[in-house]
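*Asks:* Sharing a structure below in structure tokens format, with a few things to ask.
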Amino acid sequence: MRIGPTTIDAQHAPYIIAELGVNHDGSPSRLMDLVRAAASTGANAIKLQLFTAHDLLAPTAHLARYQADAGEHDPRAMLERLELPLDVARQAIDLSHELGLHAIATVFDLPLLPLAQQLPLDAYKTASPDLVHKPLLDALVQTGKPLIISTGAATREEVARALVWLAPAHERLALLQCVSSYPTPPEHAAVAAVADLATLFQGPVGYSDHTTHTDTGALAVTLGARVLEKHLTLDRALPGPDHAASVEPDELGEYVRLCQLAFEGQWHADPDDPRLGPPTKFLLPIEADVRLVARRSIVAERDLPAGHTVTMGDLAFKRPAGGLEPWQADLLLGKRLEFPIAADRAILPDDVLD
């Protein structure tokens with residue numbers, strides 16, 4: 001796999017992504033400061049999150065526990081505050097390129113992807129809840145750009161299924177072990193699953209790290225991780241949903257240094273490190289809350305009348321989980337609705353006629 005001129009494989013040093021996420025808190029100037037901070041750490045890339053609250057959330061959406069614990073009260077108000085305008089994203093991308101960093105983005109919404117494709121991004125990454133969002137994965141494959149896929153809050157079987165869909169992009173694909181808990185307690189880090197992913201996927205594997213430790217990435221590198229992602233904040237004490245699960249610039253610099261030492265064989269893992277966990281990919285109980293809140297259901301894009309034949313254009317994919325998952329759209333396509341369905345209401349198998 002290559003991102004720009006950089007080769008990512010077992011023979012090359014780990015590729016480290018500074019996930020800026022929503023730690024800009026809606027401030028363009030803070031976002032630019034984060035880009036500059038990332039450049040000072042030795043990371044290879046920054047990552048942005050591109051979404052609109054309208055396309056991401058149904059009215060039934062609710063906060064994850066960690067978001068409520070951070071002082072948030074309303075999921076739509078939170079995301080509207082944290083939306084990143086595309087013109088600001090372009091400025092951050094241009095600055096990252098000026099500073100020698102690649103720019104990667106997670107595009108959460110299908111309607112946003114055509115606009116995101118106009119940005120000079122080097123690669124795309126998917127959020128863990130969208131491992132089951134086949135329409136989004138299919139669209140990202142069609143972009144022709146490198147793809148990095150996170151697997152938090154997923155079962156081993158769900159990972160294997162997604163890899164079938166992603167097969168056309170195999171040569172430009174990386175797969176990351178992840179635990180969807182913010183921050184992740186050390187005893188639940190499940191780093192050993194990195195090696196298990198390598199048995200499912202013959203390509204670069206890595207670890208999306210939500211612990212607050214600076215050596216968890218090095219631990220993952222000893223197990224074959226070649227892509228690492230770590231949330232970056234300017235100040236972990238700032239209010240906001242992701243700061244507590246992030247590291248500050250000097251800590252990310254240490255993170256990068258330790259990953260390089262592990263790659264060179266100069267940093268050694270403790271075989272009894274509790275962060276290793278079992279040697280298989282599995283869904284942790286600690287991920288159940290985020291899985292429910294952040295996975296999506298198939299909902300009506302607009303008000304649909306009884307008797308209407310369902311097409312892909314009639315469907316939207318919004319949080320929370322609880323209805324049909326996006327990959328199950330074929331259960332509805334071409335079927336007639338038995339009842340009228342209001343916009344943003346989940347469409348269920350009982351709503352269509354066989």
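Each chain in the structure tokens gets a letter, A, B, ..., in the order shown, and its residues are numbered from 1; ligands are numbered from 1 in order too.
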Determine which residues of segment 108-265 of chain A DSSP labels as helix (DSSP H, G or I) from the backbone of this structure, then write them out as a PyMOL selection string.
*Replies:* chain A and resi 110-116+128-132+134-142+156-165+167-172+186-188+193-200+216-222+243-245+249-263
*Asks:* Could you save those same residues with C-alpha atoms as a CSV table (one decimal), in the first residue's frame?
*Replies:*
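Output below, filename again-v8.csv:
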```csv
chain,number,residue,atom,x,y,z
A,110,LEU,CA,-22.6,9.6,1.4
A,111,PRO,CA,-24.1,12.9,0.3
A,112,LEU,CA,-20.9,14.6,1.4
A,113,LEU,CA,-18.5,12.4,-0.5
A,114,PRO,CA,-18.8,14.0,-3.9
A,115,LEU,CA,-17.8,17.3,-2.3
A,116,ALA,CA,-15.0,15.8,-0.3
A,128,SER,CA,-15.4,1.9,13.1
A,129,PRO,CA,-19.2,2.0,13.2
A,130,ASP,CA,-19.2,2.2,9.4
A,131,LEU,CA,-17.7,-1.3,8.9
A,132,VAL,CA,-21.2,-2.4,8.2
A,134,LYS,CA,-21.6,-1.2,2.6
A,135,PRO,CA,-23.0,1.7,0.4
A,136,LEU,CA,-20.4,4.0,1.9
A,137,LEU,CA,-17.6,1.5,1.6
A,138,ASP,CA,-18.5,0.8,-2.0
A,139,ALA,CA,-18.5,4.5,-2.8
A,140,LEU,CA,-15.1,4.9,-1.1
A,141,VAL,CA,-13.7,2.0,-3.1
A,142,GLN,CA,-14.8,3.8,-6.3
A,156,ARG,CA,-14.3,-11.0,13.6
A,157,GLU,CA,-17.1,-12.2,11.3
A,158,GLU,CA,-18.1,-8.6,10.5
A,159,VAL,CA,-14.5,-7.8,9.6
A,160,ALA,CA,-14.3,-10.8,7.3
A,161,ARG,CA,-17.5,-9.8,5.6
A,162,ALA,CA,-16.4,-6.2,5.0
A,163,LEU,CA,-13.1,-7.5,3.5
A,164,VAL,CA,-15.1,-9.2,0.8
A,165,TRP,CA,-16.8,-5.9,-0.1
A,167,ALA,CA,-11.6,-6.7,-2.2
A,168,PRO,CA,-11.4,-4.4,-5.3
A,169,ALA,CA,-9.3,-2.0,-3.2
A,170,HIS,CA,-7.1,-4.7,-1.7
A,171,GLU,CA,-3.8,-3.2,-3.0
A,172,ARG,CA,-4.6,0.2,-1.5
A,186,PRO,CA,-5.4,-0.4,29.5
A,187,GLU,CA,-6.9,-3.7,30.4
A,188,HIS,CA,-9.3,-3.5,27.5
A,193,ALA,CA,-5.9,-8.6,18.0
A,194,VAL,CA,-3.6,-6.8,15.5
A,195,ALA,CA,-1.9,-10.1,14.8
A,196,ASP,CA,-5.2,-11.8,14.3
A,197,LEU,CA,-6.3,-9.2,11.7
A,198,ALA,CA,-3.2,-10.1,9.8
A,199,THR,CA,-4.6,-13.7,9.4
A,200,LEU,CA,-7.7,-12.3,7.9
A,216,THR,CA,0.7,1.4,23.3
A,217,GLY,CA,1.6,2.1,19.6
A,218,ALA,CA,5.0,0.6,20.2
A,219,LEU,CA,3.4,-2.5,21.7
A,220,ALA,CA,1.2,-2.8,18.6
A,221,VAL,CA,4.3,-2.4,16.3
A,222,THR,CA,5.9,-5.4,17.9
A,243,HIS,CA,-10.0,15.6,24.4
A,244,ALA,CA,-9.9,13.1,27.3
A,245,ALA,CA,-9.0,10.3,24.9
A,249,PRO,CA,1.9,17.3,21.2
A,250,ASP,CA,4.8,16.4,23.3
A,251,GLU,CA,3.2,13.0,24.1
A,252,LEU,CA,2.5,12.3,20.5
A,253,GLY,CA,6.2,13.1,19.8
A,254,GLU,CA,7.1,10.5,22.3
A,255,TYR,CA,4.6,8.1,20.8
A,256,VAL,CA,6.2,8.4,17.4
A,257,ARG,CA,9.7,8.0,18.9
A,258,LEU,CA,8.7,4.8,20.7
A,259,CYS,CA,7.0,3.3,17.6
A,260,GLN,CA,10.2,3.9,15.7
A,261,LEU,CA,12.3,2.2,18.4
A,262,ALA,CA,9.9,-0.8,18.4
A,263,PHE,CA,10.2,-1.1,14.6
```
*Asks:* Using only C-alpha atoms, which residues sit within 9 Å of Gly4 of chain A once same-chain residues fewer than 6 positions away are excluded, as a list in words?
*Replies:*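 Skipping anything fewer than 6 positions along the chain leaves His102, Asp122 and Ala123 of chain A.
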*Asks:* For the selection you just gave me, I'd like the residues written to a file as a PDB file, in the first residue's frame, keeping N, CA and C atoms.
*Replies:*
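Listed below is the output, part.pdb:
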```pdb
ATOM      1  N   HIS A 102       0.800  14.256   5.095  1.00  0.00           N
ATOM      2  CA  HIS A 102      -0.354  13.844   4.305  1.00  0.00           C
ATOM      3  C   HIS A 102      -1.632  14.283   5.013  1.00  0.00           C
ATOM      4  N   ASP A 122      -5.180  12.839   0.515  1.00  0.00           N
ATOM      5  CA  ASP A 122      -4.266  11.770   0.125  1.00  0.00           C
ATOM      6  C   ASP A 122      -4.853  10.383   0.335  1.00  0.00           C
ATOM      7  N   ALA A 123      -5.833  10.258   1.221  1.00  0.00           N
ATOM      8  CA  ALA A 123      -6.437   8.961   1.520  1.00  0.00           C
ATOM      9  C   ALA A 123      -7.718   9.200   2.303  1.00  0.00           C
TER      10      ALA A 123
END
```
*Asks:* List the spatial neighbours of segment 69-78 of chain A as a PyMOL selection string - criterion: any atom at most 9 Å away, only C-alpha atoms, same-chain residues fewer than 4 positions off excluded.
*Replies:* chain A and resi 53-54+57+59+61-65+82-83+239-244
*Asks:* For a quick check of understanding, using only C-alpha atoms, which of A:Gln49, A:Ser27, A:Gln202, A:Ser297 has the smallest distance to Leu173 of chain A?
*Replies:* A:Gln202
*Asks:* Just the strand (DSSP E) stuff from segment 124-194 of chain A, please, per backbone DSSP, written as a list of chain:residue names.
*Replies:*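 Put together, the selection reads A:Tyr124, A:Lys125, A:Thr126, A:Leu147, A:Ile148, A:Ile149, A:Ser150, A:Leu173, A:Ala174, A:Leu175, A:Leu176, A:Gln177, A:Cys178.
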*Asks:* Write out, as an mmCIF file, in the first residue's frame, the residues just selected, with C-alpha atoms.
*Replies:*
```cif
data_model
loop_
_atom_site.group_PDB
_atom_site.id
_atom_site.type_symbol
_atom_site.label_atom_id
_atom_site.label_comp_id
_atom_site.auth_asym_id
_atom_site.auth_seq_id
_atom_site.Cartn_x
_atom_site.Cartn_y
_atom_site.Cartn_z
ATOM 1 C CA TYR A 124 -9.705 8.161 3.228
ATOM 2 C CA LYS A 125 -10.335 6.408 6.513
ATOM 3 C CA THR A 126 -13.597 4.968 7.783
ATOM 4 C CA LEU A 147 -8.415 3.376 2.287
ATOM 5 C CA ILE A 148 -7.813 2.764 5.971
ATOM 6 C CA ILE A 149 -10.544 0.775 7.712
ATOM 7 C CA SER A 150 -11.100 0.753 11.477
ATOM 8 C CA LEU A 173 -6.128 -0.958 1.809
ATOM 9 C CA ALA A 174 -5.029 -1.063 5.457
ATOM 10 C CA LEU A 175 -6.981 -2.595 8.344
ATOM 11 C CA LEU A 176 -6.831 -1.305 11.923
ATOM 12 C CA GLN A 177 -7.629 -3.008 15.192
ATOM 13 C CA CYS A 178 -9.539 -0.589 17.387
#
```
*Asks:* I want to know what sits within 9 Å of Ala89 of chain A, based on only C-alpha atoms, with residues of the same chain fewer than 3 positions away left out; could you give that as a CSV table (one decimal) with C-alpha atoms, in the first residue's frame?
*Replies:*
```csv
chain,number,residue,atom,x,y,z
A,28,PRO,CA,-10.6,27.2,12.4
A,31,LEU,CA,-7.5,23.5,13.7
A,48,LEU,CA,-10.0,15.2,9.7
A,50,LEU,CA,-16.1,15.5,7.7
A,84,LEU,CA,-16.0,21.3,9.7
A,85,PRO,CA,-16.8,23.5,6.7
A,86,LEU,CA,-15.2,22.2,3.6
A,92,ALA,CA,-6.0,22.6,6.9
A,93,ILE,CA,-5.2,20.2,4.1
A,94,ASP,CA,-3.1,22.8,2.2
A,119,LEU,CA,-10.4,18.3,-1.8
```
*Asks:* So the first atom is atom CA of Asp351 of chain A and the second is atom CA of Thr311 of chain A; what is the distance between them in Å, to one decimal place?
*Replies:*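 So the answer is 14.2 Å.
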*Asks:* Could you give me, as a Markdown table, every segment 58-165 of chain A residue with an atom at most 10 Å from segment 6-18 of chain A, plus its closest atom pair and distance in Å to one decimal, counting only C-alpha atoms, rows ordered by chain then number?
*Replies:*
```
| residue | atom | partner | partner_atom | distance |
| --- | --- | --- | --- | --- |
| A:Leu101 | CA | A:Ile17 | CA | 9.4 |
| A:His102 | CA | A:Ile17 | CA | 8.8 |
| A:Ala103 | CA | A:Ile17 | CA | 9.1 |
| A:Ile104 | CA | A:Ile17 | CA | 8.5 |
```
*Asks:* What separation in Å, quoted to one decimal, exists between atom CA of Asp289 of chain A and atom CA of Ala343 of chain A?
*Replies:*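 According to the coordinates, atom CA of Asp289 of chain A and atom CA of Ala343 of chain A are separated by 25.5 Å.
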*Asks:* Between atom CA of Arg90 of chain A and atom CA of His231 of chain A, what is the distance in Å, rounded to a tenth?
*Replies:* 20.0 Å
*Asks:* Write out as a list in words the residues lying within 10 Å of Ala321 of chain A, counting only C-alpha atoms and excluding same-chain residues fewer than 4 positions away.
*Replies:* Thr60, Ala61, Pro129, Val290, Arg291, Leu292, Val293, Ala294, Arg295, Arg296, Ser297, Ile298, Phe317, Glu325, Pro326 and Ala346 of chain A
*Asks:* Need the shell around Asp350 of chain A: protein/DNA/RNA residues with any atom at most 10 Å away, counting only C-alpha atoms. Skip same-chain ones fewer than 2 positions apart. Format as a PyMOL selection string?
*Replies:* chain A and resi 337-339+347-348+352-354
*Asks:* Go through A:Leu232, A:Leu56, A:Ala342, A:Leu333 one by one, measure the shortest atom-to-atom distance of each to Leu79 of chain A using only C-alpha atoms, and give the residue with the smallest value.
*Replies:*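 Using only C-alpha atoms, the shortest distance to Leu79 of chain A belongs to A:Leu56.
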*Asks:* Would you kindly return, as a list in words, each protein, DNA or RNA residue with an atom no farther than 10 Å from any atom of Gly313 of chain A, considering only C-alpha atoms and excluding same-chain residues fewer than 5 positions away?
*Replies:*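 After dropping sequence-adjacent residues, the list is Ala300, Glu301, Arg302 and Leu333 of chain A.
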